[in-house]
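*Asks:* What follows is run_28.csv, made up of CSV, C-alpha atoms:
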chain,number,residue,atom,x,y,z
A,1,MET,CA,110.9,-5.3,-95.9
A,2,LYS,CA,107.6,-6.0,-97.6
A,3,ASN,CA,105.0,-3.4,-98.0
A,4,LEU,CA,102.7,-3.0,-95.0
A,5,ASN,CA,99.8,-3.5,-97.3
A,6,ASP,CA,101.0,-7.0,-98.1
A,7,ALA,CA,98.6,-9.4,-96.3
A,8,GLY,CA,101.4,-11.8,-95.3
A,9,ALA,CA,103.5,-9.1,-93.8
A,10,ARG,CA,100.5,-7.6,-91.9
A,11,LYS,CA,99.6,-11.1,-90.6
A,12,ALA,CA,103.2,-11.7,-89.4
A,13,LEU,CA,103.5,-8.3,-87.7
A,14,THR,CA,100.0,-8.7,-86.1
A,15,ARG,CA,101.1,-12.1,-84.8
A,16,ALA,CA,104.4,-10.5,-83.5
A,17,ALA,CA,102.3,-7.9,-81.6
A,18,GLU,CA,100.2,-10.7,-80.1
A,19,LEU,CA,103.3,-12.6,-79.0
A,20,LEU,CA,104.7,-9.4,-77.4
A,21,LEU,CA,101.5,-9.0,-75.5
A,22,GLU,CA,101.4,-12.6,-74.4
A,23,ASN,CA,105.0,-12.3,-73.1
A,24,ALA,CA,104.1,-9.1,-71.3
A,25,LYS,CA,101.2,-10.9,-69.7
A,26,GLU,CA,103.5,-13.8,-68.7
A,27,LEU,CA,105.8,-11.3,-67.0
A,28,LEU,CA,102.9,-9.8,-65.2
A,29,GLN,CA,101.8,-13.2,-63.9
A,30,SER,CA,105.2,-14.4,-62.9
A,31,HIS,CA,106.6,-11.2,-61.3
A,32,THR,CA,103.6,-10.0,-59.4
A,33,ILE,CA,101.5,-11.8,-56.9
A,34,GLY,CA,98.6,-13.3,-58.8
A,35,GLY,CA,99.1,-10.8,-61.6
A,36,ASP,CA,98.0,-8.0,-59.3
A,37,GLY,CA,100.2,-5.3,-61.0
A,38,ASN,CA,102.3,-4.8,-57.9
A,39,TRP,CA,105.9,-4.7,-59.2
A,40,THR,CA,107.6,-3.9,-55.9
A,41,GLY,CA,111.2,-5.2,-56.1
A,42,GLU,CA,110.7,-6.2,-59.8
A,43,GLU,CA,111.7,-3.0,-61.5
A,44,GLU,CA,113.6,-4.8,-64.3
A,45,ALA,CA,110.7,-7.1,-65.1
A,46,LYS,CA,108.3,-4.1,-65.0
A,47,ALA,CA,110.6,-2.2,-67.5
A,48,ALA,CA,110.6,-5.2,-69.8
A,49,HIS,CA,106.8,-5.6,-69.5
A,50,ASP,CA,106.3,-1.9,-70.3
A,51,GLU,CA,108.6,-2.1,-73.3
A,52,LEU,CA,106.8,-5.2,-74.6
A,53,ILE,CA,103.5,-3.3,-74.3
A,54,ALA,CA,104.9,-0.2,-76.0
A,55,VAL,CA,106.4,-2.1,-78.9
A,56,ALA,CA,103.2,-4.0,-79.4
A,57,GLY,CA,101.3,-0.7,-79.3
A,58,ARG,CA,103.6,0.8,-81.9
A,59,LEU,CA,103.2,-2.2,-84.2
A,60,THR,CA,99.4,-2.2,-84.0
A,61,ALA,CA,99.3,1.5,-84.5
A,62,LEU,CA,101.6,1.2,-87.6
A,63,LEU,CA,99.4,-1.5,-88.9
A,64,GLY,CA,96.2,0.2,-87.9
A,65,VAL,CA,94.9,-3.0,-86.3
A,66,LYS,CA,93.6,-3.9,-82.9
A,67,VAL,CA,95.3,-6.8,-81.1
A,68,GLU,CA,93.4,-8.4,-78.3
A,69,GLU,CA,95.1,-6.8,-75.3
A,70,ALA,CA,92.1,-6.3,-73.1
A,71,SER,CA,93.1,-9.1,-70.7
A,72,LEU,CA,96.5,-7.5,-70.3
A,73,VAL,CA,95.4,-4.0,-70.0
A,74,THR,CA,92.7,-4.9,-67.6
A,75,ALA,CA,94.7,-7.5,-65.6
A,76,GLY,CA,94.9,-5.1,-62.6
A,77,ALA,CA,91.2,-4.3,-62.8
A,78,GLU,CA,90.3,-8.0,-63.0
A,79,ASN,CA,92.4,-8.7,-60.0
A,80,GLU,CA,90.9,-5.8,-58.2
A,81,ASP,CA,87.5,-7.1,-59.1
A,82,SER,CA,88.5,-10.6,-57.8
A,83,GLU,CA,89.7,-9.1,-54.5
A,84,MET,CA,86.4,-7.2,-54.2
A,85,ARG,CA,84.4,-10.3,-54.7
A,86,GLN,CA,86.5,-12.1,-52.1
A,87,ALA,CA,85.9,-9.3,-49.6
A,88,LEU,CA,82.2,-9.3,-50.4
A,89,ARG,CA,82.1,-13.1,-49.8
A,90,PHE,CA,83.8,-12.5,-46.4
A,91,TYR,CA,80.9,-10.2,-45.4
A,92,ALA,CA,78.2,-12.2,-47.2
A,93,GLU,CA,79.2,-15.3,-45.2
A,94,GLY,CA,79.1,-13.3,-42.0
A,95,ASN,CA,82.8,-13.6,-41.2
A,96,HIS,CA,83.0,-9.9,-40.3
A,97,PHE,CA,80.8,-10.4,-37.3
A,98,ILE,CA,81.2,-13.3,-34.9
A,99,PRO,CA,79.1,-12.7,-31.8
A,100,VAL,CA,80.0,-14.5,-28.6
A,101,ASN,CA,76.3,-15.1,-27.9
A,102,PRO,CA,74.0,-14.8,-31.0
A,103,ASP,CA,71.0,-14.5,-28.8
A,104,ASP,CA,72.3,-11.1,-27.5
A,105,TRP,CA,71.6,-9.6,-31.0
A,106,GLU,CA,68.3,-8.7,-32.5
A,107,SER,CA,67.0,-6.7,-35.4
A,108,VAL,CA,67.0,-2.9,-35.0
A,109,SER,CA,63.7,-1.2,-34.6
A,110,GLY,CA,62.9,1.0,-37.6
A,111,GLU,CA,65.7,-0.5,-39.7
A,112,PRO,CA,65.8,-3.2,-42.3
A,113,GLY,CA,65.9,-6.7,-40.9
A,114,ASN,CA,69.5,-7.1,-41.9
A,115,PHE,CA,70.7,-4.7,-39.3
A,116,LEU,CA,71.4,-6.2,-35.9
A,117,GLU,CA,71.9,-4.5,-32.6
A,118,ASP,CA,73.3,-5.9,-29.4
A,119,GLU,CA,71.0,-6.3,-26.3
A,120,ALA,CA,72.6,-3.3,-24.6
A,121,HIS,CA,72.0,-1.1,-27.7
A,122,THR,CA,75.7,-0.2,-27.9
A,123,ALA,CA,76.6,-1.7,-31.2
A,124,THR,CA,74.9,-2.2,-34.6
A,125,VAL,CA,76.1,-4.4,-37.5
A,126,GLU,CA,74.8,-5.3,-41.0
A,127,ASP,CA,74.5,-9.0,-41.3
A,128,GLY,CA,76.0,-9.4,-44.8
A,129,THR,CA,72.8,-9.2,-46.8
A,130,VAL,CA,74.1,-6.2,-48.8
A,131,ALA,CA,77.3,-8.1,-49.8
A,132,LYS,CA,75.1,-11.1,-50.7
A,133,ARG,CA,73.0,-8.9,-53.0
A,134,ALA,CA,76.1,-7.3,-54.6
A,135,LEU,CA,77.6,-10.7,-55.4
A,136,ALA,CA,74.3,-11.9,-56.8
A,137,ALA,CA,74.0,-8.8,-59.0
A,138,LYS,CA,77.5,-9.3,-60.2
A,139,ARG,CA,76.7,-12.8,-61.4
A,140,ALA,CA,73.5,-11.7,-63.2
Please re-express this file's structure in structure tokens.
*Replies:*
Amino acid sequence: MKNLNDAGARKALTRAAELLLENAKELLQSHTIGGDGNWTGEEEAKAAHDELIAVAGRLTALLGVKVEEASLVTAGAENEDSEMRQALRFYAEGNHFIPVNPDDWESVSGEPGNFLEDEAHTATVEDGTVAKRALAAKRA
């Protein structure tokens, strides 16, 4: 084996680590729903995934280099973020609250205008403005 200080060897080993991480990402995408990190019933695929990550990690540590693995490491977080945005859109679009008669709801005295209360004063709901603001802030 060539010396690890040899540029060609380092390049080849770095590329090998990248390929291992790409394969691990493919396993994640193909064996979990939407790459969400839920490996239920996919224990063998999860073990293979983890081994690919571990070997790539050992290679990069040995070489003292950083291989772009942020997308793989954060795949679960990205999916969680996507699910959070989806939930926020549900509220922002008002799908959490479908009144039978919209005229039976009005703004709550002493509260911000985005809080609605039913005519009988038995229920209060936020109209989705908070979710709209959160989505807008996320884009900015």
*Asks:* Ranking A:Leu28, A:Ile98, A:Val130, A:Asn38 by minimum distance to Pro112 in chain A and counting all atoms listed in the file, which one comes first?
*Replies:*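 Comparing A:Leu28, A:Ile98, A:Val130, A:Asn38 against Pro112 in chain A, the winner is A:Val130.
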*Asks:* Just to confirm, what's the straight-line distance from CA of Leu59 in chain A to CA of Lys25 in chain A in Å (one decimal)?
*Replies:* 17.0 Å
*Asks:* With all atoms listed in the file as the atoms that count, which of A:Val108, A:Leu63, A:Leu135, A:Met84 lies nearest to Asn5 in chain A?
*Replies:*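 Once distances to Asn5 in chain A are computed over all atoms listed in the file, the minimum belongs to A:Leu63.
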*Asks:* Which residues are near Ala17 in chain A? Cut-off 6 Å, only C-alpha atoms, ignore same chain within fewer than 3 positions. Put them as a VMD selection string.
*Replies:* chain A and resid 14 20 56
*Asks:* Could you check the closest approach to Val100 in chain A for each of A:Asp127, A:Arg133, A:Leu88, A:Asp118 and tell me which residue wins, using all atoms listed in the file?
*Replies:*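 Using all atoms listed in the file, Val100 in chain A sits closest to A:Asp118.
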*Asks:* What is the CA of Gly128 in chain A-CA of Asn114 in chain A distance in Å, reported with one decimal?
*Replies:*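 According to the coordinates, CA of Gly128 in chain A and CA of Asn114 in chain A are separated by 7.5 Å.
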*Asks:* Enter the distance from CA of Asn95 in chain A to CA of Phe115 in chain A, in Å, rounded to one decimal.
*Replies:*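 Calculated distance between CA of Asn95 in chain A and CA of Phe115 in chain A is 15.1 Å.
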